[in-house]
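For reference, the structure discussed in these notes is given below.
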Amino acid sequence: MTIWNLGSINADFVYSVPHIPVPGETLASTGRAVFLGGKGANMSVAAARAAARVAHIGAVGADGLWAVERLMEYGVDTRHIAEIDVETAQAIIAVDANGENSIILHQGANVQIPVNVLEQALNRAETGDTLVFQNETNLQLQAAELAVTMGLRVAYAAAPFDADAVMAVMAHLDFLILNEVEAEQLKDATGKGPQDIPVKDVIVTLGANGATWFGADGPVDVPAHKVTPVDTTGAGDTFTGYVLACLDRGQPMLQAMQTASKAAAIMVTRRGTADVIPDLADVQSFSG
Ligand code: ATP
C-alpha cells in the first residue's frame, strides 16, 4: 500500500551565533548550514526509511528543487510535489553556543499547494492506502474529505498545534497523534481527553516516558528506550513515520509503536533531522 503525505518541505538555514540577537542588533554568524526540514518532509523520509512506499504531496519554488532531489534520494515518490511560482518555505534558525535557538518561519509554497496537485495525487490512491497530514500546509480539510470518500486511512499529526485545525478535521480521522503538550491543549479546547476523542486510534507521545495508545481496548503504554539524548528534534516525526509505515505493512498497533520507539530512540542520539533518520536496518540492530 502507499502512504500519501500532504506535507511541508522546508529549507532549514541554520546560523551559529554567539548569542541570540536582541531587538535592533546586527550580528555576524560564525557558521551556516542548510538542511532539508519541515515536519512533512521528515515524516516522508521516516516512513520511506521504514521501507514503506511513500508519495509526498506538496509544493516548492524553483529555489527548492534540491529539497525534492534529496527526498527522492531518500526513496520518497516526489511526482506530486509541484514546482510553483512562490518561494520554498524557509526556517531561519539561529543557534547559540548553549543550543538555545530562535526561529523565523516563512511558509512560502507550503501553504499554496494547488488543489489540482492534491486531486491528481489522491486519484491514484487505492482503498486501504493511508493519507497523513500535519498542520503546516493548506488543503488539510479537502485532503481529509477526499481521502474518506476514497476509503483511505486518514492520519493527522496535530503539529504545530491549533485546536481549530484539529476540530475541523476530527470527524474524518482514523488516527491522531499528539505529544503531551498538544494533548493538554486539545483537552483545554474541547474538554475531552485522548480517551474521549471520537477517533479510532489516538497516540500521545511522552518524550523520554514513551507513548500511550488509546484504542478500542483502552490505554496501552509503550515505554521509551533508555538512551543519552543529544538532539531530540525530529523524534516525534520519526516516531509517526515509523508507526504509519508499520501499520501500512499490516502490523498491529502495539508492534508498530515498539518499532517506532526504537527508531525515535536512535534519532535522539543523532544531531540533525531528515538527513539522520535511522533506517530499518539500524532499527533492527538496535539493542537499547
Ligand atoms: P519533536 O517535536 O521533538 O520531534 P515530539 O514532542 O513530537 O518531538 P516526543 O513525545 O518528544 O515527540 O517524542 C516522540 C517519541 O520519541 C517518544 O514517544 C519516544 O518514543 C521517543 N523519545 C523522545 N525523547 C526521547 C528520549 N529522551 N529518550 C528515548 N526516546 C525518546
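Just remember, in the C-alpha cells the first chain shown is A, the second B, etc., residues are 1-based per chain, and ligands are 1-based in the order shown.
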
Within 8 Å of range 228-239 of chain A, counting only C-alpha atoms, which residues qualify if same-chain residues fewer than 3 places away don't, as a PDB file with N, CA and C atoms, in the first residue's frame?
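So the final result, stored in selection_18.pdb, reads:
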ATOM      1  N   LYS A  39       8.044  19.282   9.010  1.00  0.00           N
ATOM      2  CA  LYS A  39       7.503  18.051   9.595  1.00  0.00           C
ATOM      3  C   LYS A  39       7.076  17.076   8.510  1.00  0.00           C
ATOM      4  N   ASN A  42      10.142  15.400   6.988  1.00  0.00           N
ATOM      5  CA  ASN A  42      10.687  14.449   7.971  1.00  0.00           C
ATOM      6  C   ASN A  42       9.872  13.160   8.005  1.00  0.00           C
ATOM      7  N   MET A  43       8.548  13.299   8.006  1.00  0.00           N
ATOM      8  CA  MET A  43       7.699  12.093   8.088  1.00  0.00           C
ATOM      9  C   MET A  43       7.804  11.252   6.827  1.00  0.00           C
ATOM     10  N   ALA A  46      11.061   9.433   7.147  1.00  0.00           N
ATOM     11  CA  ALA A  46      10.978   8.378   8.173  1.00  0.00           C
ATOM     12  C   ALA A  46      10.211   7.168   7.651  1.00  0.00           C
ATOM     13  N   ALA A  47       9.071   7.404   7.018  1.00  0.00           N
ATOM     14  CA  ALA A  47       8.270   6.270   6.527  1.00  0.00           C
ATOM     15  C   ALA A  47       9.003   5.543   5.402  1.00  0.00           C
ATOM     16  N   ASN A 179       1.687  15.152  20.888  1.00  0.00           N
ATOM     17  CA  ASN A 179       2.574  14.989  22.035  1.00  0.00           C
ATOM     18  C   ASN A 179       1.804  15.421  23.293  1.00  0.00           C
ATOM     19  N   THR A 205       2.405  10.944  22.537  1.00  0.00           N
ATOM     20  CA  THR A 205       3.821  10.664  22.802  1.00  0.00           C
ATOM     21  C   THR A 205       4.263  11.478  24.010  1.00  0.00           C
ATOM     22  N   TYR A 242       7.409   6.000  11.356  1.00  0.00           N
ATOM     23  CA  TYR A 242       7.588   4.559  11.577  1.00  0.00           C
ATOM     24  C   TYR A 242       6.269   3.872  11.928  1.00  0.00           C
ATOM     25  N   VAL A 243       5.467   4.491  12.793  1.00  0.00           N
ATOM     26  CA  VAL A 243       4.179   3.862  13.138  1.00  0.00           C
ATOM     27  C   VAL A 243       3.347   3.660  11.871  1.00  0.00           C
ATOM     28  N   MET A 257       4.233   0.541  17.302  1.00  0.00           N
ATOM     29  CA  MET A 257       4.751   1.529  18.266  1.00  0.00           C
ATOM     30  C   MET A 257       6.086   1.084  18.861  1.00  0.00           C
ATOM     31  N   ALA A 260       8.626   1.903  16.310  1.00  0.00           N
ATOM     32  CA  ALA A 260       8.767   3.364  16.241  1.00  0.00           C
ATOM     33  C   ALA A 260       9.549   3.886  17.441  1.00  0.00           C
ATOM     34  N   SER A 261       9.345   3.270  18.594  1.00  0.00           N
ATOM     35  CA  SER A 261      10.026   3.698  19.805  1.00  0.00           C
ATOM     36  C   SER A 261      11.541   3.482  19.678  1.00  0.00           C
ATOM     37  N   ALA A 263      13.169   3.434  16.728  1.00  0.00           N
ATOM     38  CA  ALA A 263      13.645   4.397  15.714  1.00  0.00           C
ATOM     39  C   ALA A 263      13.807   5.785  16.341  1.00  0.00           C
ATOM     40  N   ALA A 264      12.833   6.181  17.165  1.00  0.00           N
ATOM     41  CA  ALA A 264      12.882   7.517  17.778  1.00  0.00           C
ATOM     42  C   ALA A 264      14.015   7.604  18.798  1.00  0.00           C
ATOM     43  N   ALA A 265      14.280   6.486  19.498  1.00  0.00           N
ATOM     44  CA  ALA A 265      15.384   6.480  20.476  1.00  0.00           C
ATOM     45  C   ALA A 265      16.722   6.671  19.753  1.00  0.00           C
ATOM     46  N   MET A 267      17.073   8.156  16.965  1.00  0.00           N
ATOM     47  CA  MET A 267      17.047   9.527  16.426  1.00  0.00           C
ATOM     48  C   MET A 267      17.540  10.558  17.450  1.00  0.00           C
ATOM     49  N   VAL A 268      17.159  10.394  18.711  1.00  0.00           N
ATOM     50  CA  VAL A 268      17.556  11.406  19.708  1.00  0.00           C
ATOM     51  C   VAL A 268      19.045  11.330  20.055  1.00  0.00           C
ATOM     52  N   THR A 269      19.705  10.274  19.599  1.00  0.00           N
ATOM     53  CA  THR A 269      21.162  10.187  19.832  1.00  0.00           C
ATOM     54  C   THR A 269      21.936  10.798  18.662  1.00  0.00           C
ATOM     55  N   ARG A 270      21.202  11.317  17.659  1.00  0.00           N
ATOM     56  CA  ARG A 270      21.870  11.905  16.490  1.00  0.00           C
ATOM     57  C   ARG A 270      21.511  13.379  16.362  1.00  0.00           C
ATOM     58  N   ARG A 271      22.458  14.162  15.886  1.00  0.00           N
ATOM     59  CA  ARG A 271      22.188  15.574  15.619  1.00  0.00           C
ATOM     60  C   ARG A 271      21.635  15.737  14.230  1.00  0.00           C
ATOM     61  N   GLY A 272      20.557  16.528  14.071  1.00  0.00           N
ATOM     62  CA  GLY A 272      20.002  16.769  12.738  1.00  0.00           C
ATOM     63  C   GLY A 272      18.576  16.258  12.635  1.00  0.00           C
ATOM     64  N   THR A 273      17.996  16.402  11.452  1.00  0.00           N
ATOM     65  CA  THR A 273      16.607  15.928  11.271  1.00  0.00           C
ATOM     66  C   THR A 273      16.528  14.923  10.121  1.00  0.00           C
ATOM     67  N   ALA A 274      15.914  15.320   8.999  1.00  0.00           N
ATOM     68  CA  ALA A 274      15.636  14.354   7.923  1.00  0.00           C
ATOM     69  C   ALA A 274      16.876  13.551   7.524  1.00  0.00           C
ATOM     70  N   ILE A 277      17.625  10.391   9.953  1.00  0.00           N
ATOM     71  CA  ILE A 277      16.585   9.463  10.430  1.00  0.00           C
ATOM     72  C   ILE A 277      17.050   8.027  10.166  1.00  0.00           C
TER      73      ILE A 277
END

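For Asp201 in chain A, the set of protein, DNA and RNA residues having any atom at most 6 Å away, when counting only C-alpha atoms and skipping those fewer than 2 positions along the same chain, is Phe175, Val199, Phe214 and Gly215 of chain A.
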
All alpha helix (DSSP H) residues (DSSP, backbone) inside range 115-205 of chain A, as a PDB file with N, CA and C atoms, in the first residue's frame:
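Saved as out_23.pdb:
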ATOM      1  N   VAL A 115      -4.738  22.902  -5.529  1.00  0.00           N
ATOM      2  CA  VAL A 115      -5.698  21.835  -5.224  1.00  0.00           C
ATOM      3  C   VAL A 115      -5.644  20.722  -6.271  1.00  0.00           C
ATOM      4  N   ASN A 116      -5.320  21.078  -7.536  1.00  0.00           N
ATOM      5  CA  ASN A 116      -5.282  20.019  -8.552  1.00  0.00           C
ATOM      6  C   ASN A 116      -4.121  19.050  -8.321  1.00  0.00           C
ATOM      7  N   VAL A 117      -3.074  19.504  -7.623  1.00  0.00           N
ATOM      8  CA  VAL A 117      -1.955  18.605  -7.298  1.00  0.00           C
ATOM      9  C   VAL A 117      -2.436  17.550  -6.292  1.00  0.00           C
ATOM     10  N   LEU A 118      -3.202  18.019  -5.309  1.00  0.00           N
ATOM     11  CA  LEU A 118      -3.779  17.087  -4.329  1.00  0.00           C
ATOM     12  C   LEU A 118      -4.724  16.103  -5.018  1.00  0.00           C
ATOM     13  N   GLU A 119      -5.603  16.631  -5.859  1.00  0.00           N
ATOM     14  CA  GLU A 119      -6.602  15.773  -6.508  1.00  0.00           C
ATOM     15  C   GLU A 119      -5.946  14.734  -7.418  1.00  0.00           C
ATOM     16  N   GLN A 120      -4.956  15.196  -8.199  1.00  0.00           N
ATOM     17  CA  GLN A 120      -4.286  14.249  -9.103  1.00  0.00           C
ATOM     18  C   GLN A 120      -3.586  13.145  -8.313  1.00  0.00           C
ATOM     19  N   ALA A 121      -2.998  13.517  -7.204  1.00  0.00           N
ATOM     20  CA  ALA A 121      -2.297  12.517  -6.391  1.00  0.00           C
ATOM     21  C   ALA A 121      -3.307  11.512  -5.838  1.00  0.00           C
ATOM     22  N   LEU A 122      -4.332  12.016  -5.155  1.00  0.00           N
ATOM     23  CA  LEU A 122      -5.245  11.088  -4.476  1.00  0.00           C
ATOM     24  C   LEU A 122      -6.109  10.292  -5.461  1.00  0.00           C
ATOM     25  N   ASN A 123      -6.224  10.771  -6.698  1.00  0.00           N
ATOM     26  CA  ASN A 123      -6.902   9.974  -7.722  1.00  0.00           C
ATOM     27  C   ASN A 123      -6.172   8.674  -7.991  1.00  0.00           C
ATOM     28  N   GLN A 140      -5.801  20.958   4.142  1.00  0.00           N
ATOM     29  CA  GLN A 140      -5.939  19.834   5.084  1.00  0.00           C
ATOM     30  C   GLN A 140      -7.344  19.233   5.051  1.00  0.00           C
ATOM     31  N   LEU A 141      -8.365  20.093   5.117  1.00  0.00           N
ATOM     32  CA  LEU A 141      -9.736  19.572   5.153  1.00  0.00           C
ATOM     33  C   LEU A 141     -10.118  18.911   3.823  1.00  0.00           C
ATOM     34  N   GLN A 142      -9.732  19.565   2.711  1.00  0.00           N
ATOM     35  CA  GLN A 142     -10.031  18.972   1.399  1.00  0.00           C
ATOM     36  C   GLN A 142      -9.394  17.593   1.286  1.00  0.00           C
ATOM     37  N   ALA A 143      -8.161  17.465   1.741  1.00  0.00           N
ATOM     38  CA  ALA A 143      -7.448  16.188   1.650  1.00  0.00           C
ATOM     39  C   ALA A 143      -8.169  15.125   2.481  1.00  0.00           C
ATOM     40  N   ALA A 144      -8.560  15.499   3.700  1.00  0.00           N
ATOM     41  CA  ALA A 144      -9.218  14.531   4.585  1.00  0.00           C
ATOM     42  C   ALA A 144     -10.544  14.082   3.981  1.00  0.00           C
ATOM     43  N   GLU A 145     -11.311  15.034   3.446  1.00  0.00           N
ATOM     44  CA  GLU A 145     -12.618  14.684   2.865  1.00  0.00           C
ATOM     45  C   GLU A 145     -12.458  13.760   1.667  1.00  0.00           C
ATOM     46  N   LEU A 146     -11.508  14.116   0.801  1.00  0.00           N
ATOM     47  CA  LEU A 146     -11.263  13.315  -0.398  1.00  0.00           C
ATOM     48  C   LEU A 146     -10.806  11.908  -0.013  1.00  0.00           C
ATOM     49  N   ALA A 147      -9.936  11.842   0.954  1.00  0.00           N
ATOM     50  CA  ALA A 147      -9.394  10.546   1.387  1.00  0.00           C
ATOM     51  C   ALA A 147     -10.498   9.648   1.939  1.00  0.00           C
ATOM     52  N   VAL A 148     -11.422  10.239   2.700  1.00  0.00           N
ATOM     53  CA  VAL A 148     -12.518   9.448   3.263  1.00  0.00           C
ATOM     54  C   VAL A 148     -13.366   8.860   2.139  1.00  0.00           C
ATOM     55  N   THR A 149     -13.672   9.687   1.133  1.00  0.00           N
ATOM     56  CA  THR A 149     -14.522   9.178   0.041  1.00  0.00           C
ATOM     57  C   THR A 149     -13.808   8.065  -0.731  1.00  0.00           C
ATOM     58  N   ALA A 163      -6.022  24.098  17.937  1.00  0.00           N
ATOM     59  CA  ALA A 163      -7.234  23.348  18.280  1.00  0.00           C
ATOM     60  C   ALA A 163      -8.280  23.437  17.174  1.00  0.00           C
ATOM     61  N   ASP A 164      -8.418  24.610  16.553  1.00  0.00           N
ATOM     62  CA  ASP A 164      -9.423  24.752  15.487  1.00  0.00           C
ATOM     63  C   ASP A 164      -9.100  23.844  14.304  1.00  0.00           C
ATOM     64  N   ALA A 165      -7.800  23.742  13.995  1.00  0.00           N
ATOM     65  CA  ALA A 165      -7.397  22.884  12.869  1.00  0.00           C
ATOM     66  C   ALA A 165      -7.723  21.422  13.167  1.00  0.00           C
ATOM     67  N   VAL A 166      -7.521  20.999  14.400  1.00  0.00           N
ATOM     68  CA  VAL A 166      -7.834  19.603  14.761  1.00  0.00           C
ATOM     69  C   VAL A 166      -9.337  19.384  14.679  1.00  0.00           C
ATOM     70  N   MET A 167     -10.095  20.336  15.235  1.00  0.00           N
ATOM     71  CA  MET A 167     -11.548  20.138  15.276  1.00  0.00           C
ATOM     72  C   MET A 167     -12.150  20.153  13.873  1.00  0.00           C
ATOM     73  N   ALA A 168     -11.515  20.902  12.971  1.00  0.00           N
ATOM     74  CA  ALA A 168     -12.038  20.977  11.600  1.00  0.00           C
ATOM     75  C   ALA A 168     -11.969  19.625  10.884  1.00  0.00           C
ATOM     76  N   VAL A 169     -10.978  18.808  11.250  1.00  0.00           N
ATOM     77  CA  VAL A 169     -10.805  17.535  10.519  1.00  0.00           C
ATOM     78  C   VAL A 169     -11.173  16.301  11.361  1.00  0.00           C
ATOM     79  N   GLU A 180       2.479  15.319  24.422  1.00  0.00           N
ATOM     80  CA  GLU A 180       1.806  15.534  25.709  1.00  0.00           C
ATOM     81  C   GLU A 180       1.207  16.943  25.814  1.00  0.00           C
ATOM     82  N   VAL A 181       2.000  17.932  25.358  1.00  0.00           N
ATOM     83  CA  VAL A 181       1.562  19.331  25.462  1.00  0.00           C
ATOM     84  C   VAL A 181       0.348  19.548  24.556  1.00  0.00           C
ATOM     85  N   GLU A 182       0.416  18.988  23.356  1.00  0.00           N
ATOM     86  CA  GLU A 182      -0.700  19.140  22.409  1.00  0.00           C
ATOM     87  C   GLU A 182      -1.964  18.459  22.942  1.00  0.00           C
ATOM     88  N   ALA A 183      -1.801  17.305  23.597  1.00  0.00           N
ATOM     89  CA  ALA A 183      -2.962  16.598  24.171  1.00  0.00           C
ATOM     90  C   ALA A 183      -3.620  17.461  25.247  1.00  0.00           C
ATOM     91  N   GLU A 184      -2.789  18.147  26.059  1.00  0.00           N
ATOM     92  CA  GLU A 184      -3.317  19.057  27.089  1.00  0.00           C
ATOM     93  C   GLU A 184      -4.076  20.220  26.446  1.00  0.00           C
ATOM     94  N   GLN A 185      -3.456  20.762  25.365  1.00  0.00           N
ATOM     95  CA  GLN A 185      -4.089  21.901  24.682  1.00  0.00           C
ATOM     96  C   GLN A 185      -5.441  21.487  24.088  1.00  0.00           C
ATOM     97  N   LEU A 186      -5.488  20.266  23.557  1.00  0.00           N
ATOM     98  CA  LEU A 186      -6.754  19.792  22.980  1.00  0.00           C
ATOM     99  C   LEU A 186      -7.803  19.613  24.080  1.00  0.00           C
ATOM    100  N   LYS A 187      -7.351  19.141  25.226  1.00  0.00           N
ATOM    101  CA  LYS A 187      -8.273  18.970  26.356  1.00  0.00           C
ATOM    102  C   LYS A 187      -8.808  20.322  26.814  1.00  0.00           C
ATOM    103  N   ASP A 188      -7.907  21.310  26.871  1.00  0.00           N
ATOM    104  CA  ASP A 188      -8.343  22.656  27.276  1.00  0.00           C
ATOM    105  C   ASP A 188      -9.394  23.191  26.305  1.00  0.00           C
ATOM    106  N   ALA A 189      -9.200  22.900  25.015  1.00  0.00           N
ATOM    107  CA  ALA A 189     -10.100  23.461  23.995  1.00  0.00           C
ATOM    108  C   ALA A 189     -11.420  22.696  23.889  1.00  0.00           C
ATOM    109  N   THR A 190     -11.388  21.367  24.128  1.00  0.00           N
ATOM    110  CA  THR A 190     -12.592  20.566  23.868  1.00  0.00           C
ATOM    111  C   THR A 190     -13.195  19.974  25.134  1.00  0.00           C
TER     112      THR A 190
END

Exercise: Asp282 in chain A partners within 9 Å, only C-alpha atoms, chain neighbours under 4 positions left out, as a list in words = Ala263, Ile266, Pro278 and Phe286 of chain A

Among range 8-229 of chain A, which ones does DSSP place in strand (DSSP E or B), written as number ranges by chain?
-> A: 10-16, 31-37, 53-60, 77-83, 89-95, 101-106, 130-134, 153-157, 175-179, 201-205, 211-215, 218-222

Identify which of the residues A:Leu131, A:Ala62, A:Ala171, A:Val14 lies closest to Ile104 in chain A, counting only C-alpha atoms when measuring atom-to-atom distances.
->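 Among the listed residues, A:Val14 lies closest to Ile104 in chain A.
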
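If you measure from each of A:Asp96, A:Ala109, A:Ala82, A:Gly37 to ligand 1 using only C-alpha atoms and all ligand atoms, the closest one turns out to be A:Gly37.
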
Near Met72 in chain A, counting only C-alpha atoms, which residues have an atom at most 12 Å away, once you skip same-chain residues fewer than 4 positions from it, shown as a VMD selection string?
-> chain A and resid 41 44 to 45 48 to 49 53 to 56 65 to 68 76 to 81

Distance query Ala33 in chain A at most 9 Å, only C-alpha atoms, self and fewer than 4 positions along chain excluded, as a PyMOL selection string | chain A and resi 12-16

Print the selection's residues with N, CA and C atoms to a file, as a PDB file, in the first residue's frame.
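Result file follows (selection04.pdb):
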ATOM      1  N   ASP A  12      15.906  24.518   5.854  1.00  0.00           N
ATOM      2  CA  ASP A  12      16.305  24.989   7.184  1.00  0.00           C
ATOM      3  C   ASP A  12      17.681  25.646   7.077  1.00  0.00           C
ATOM      4  N   PHE A  13      17.738  26.952   7.269  1.00  0.00           N
ATOM      5  CA  PHE A  13      19.013  27.676   7.266  1.00  0.00           C
ATOM      6  C   PHE A  13      19.435  27.845   8.720  1.00  0.00           C
ATOM      7  N   VAL A  14      20.472  27.150   9.092  1.00  0.00           N
ATOM      8  CA  VAL A  14      20.891  27.169  10.496  1.00  0.00           C
ATOM      9  C   VAL A  14      22.147  28.024  10.636  1.00  0.00           C
ATOM     10  N   TYR A  15      22.043  29.092  11.392  1.00  0.00           N
ATOM     11  CA  TYR A  15      23.160  30.020  11.605  1.00  0.00           C
ATOM     12  C   TYR A  15      23.673  29.856  13.034  1.00  0.00           C
ATOM     13  N   SER A  16      24.975  29.622  13.169  1.00  0.00           N
ATOM     14  CA  SER A  16      25.583  29.605  14.505  1.00  0.00           C
ATOM     15  C   SER A  16      25.868  31.056  14.883  1.00  0.00           C
TER      16      SER A  16
END
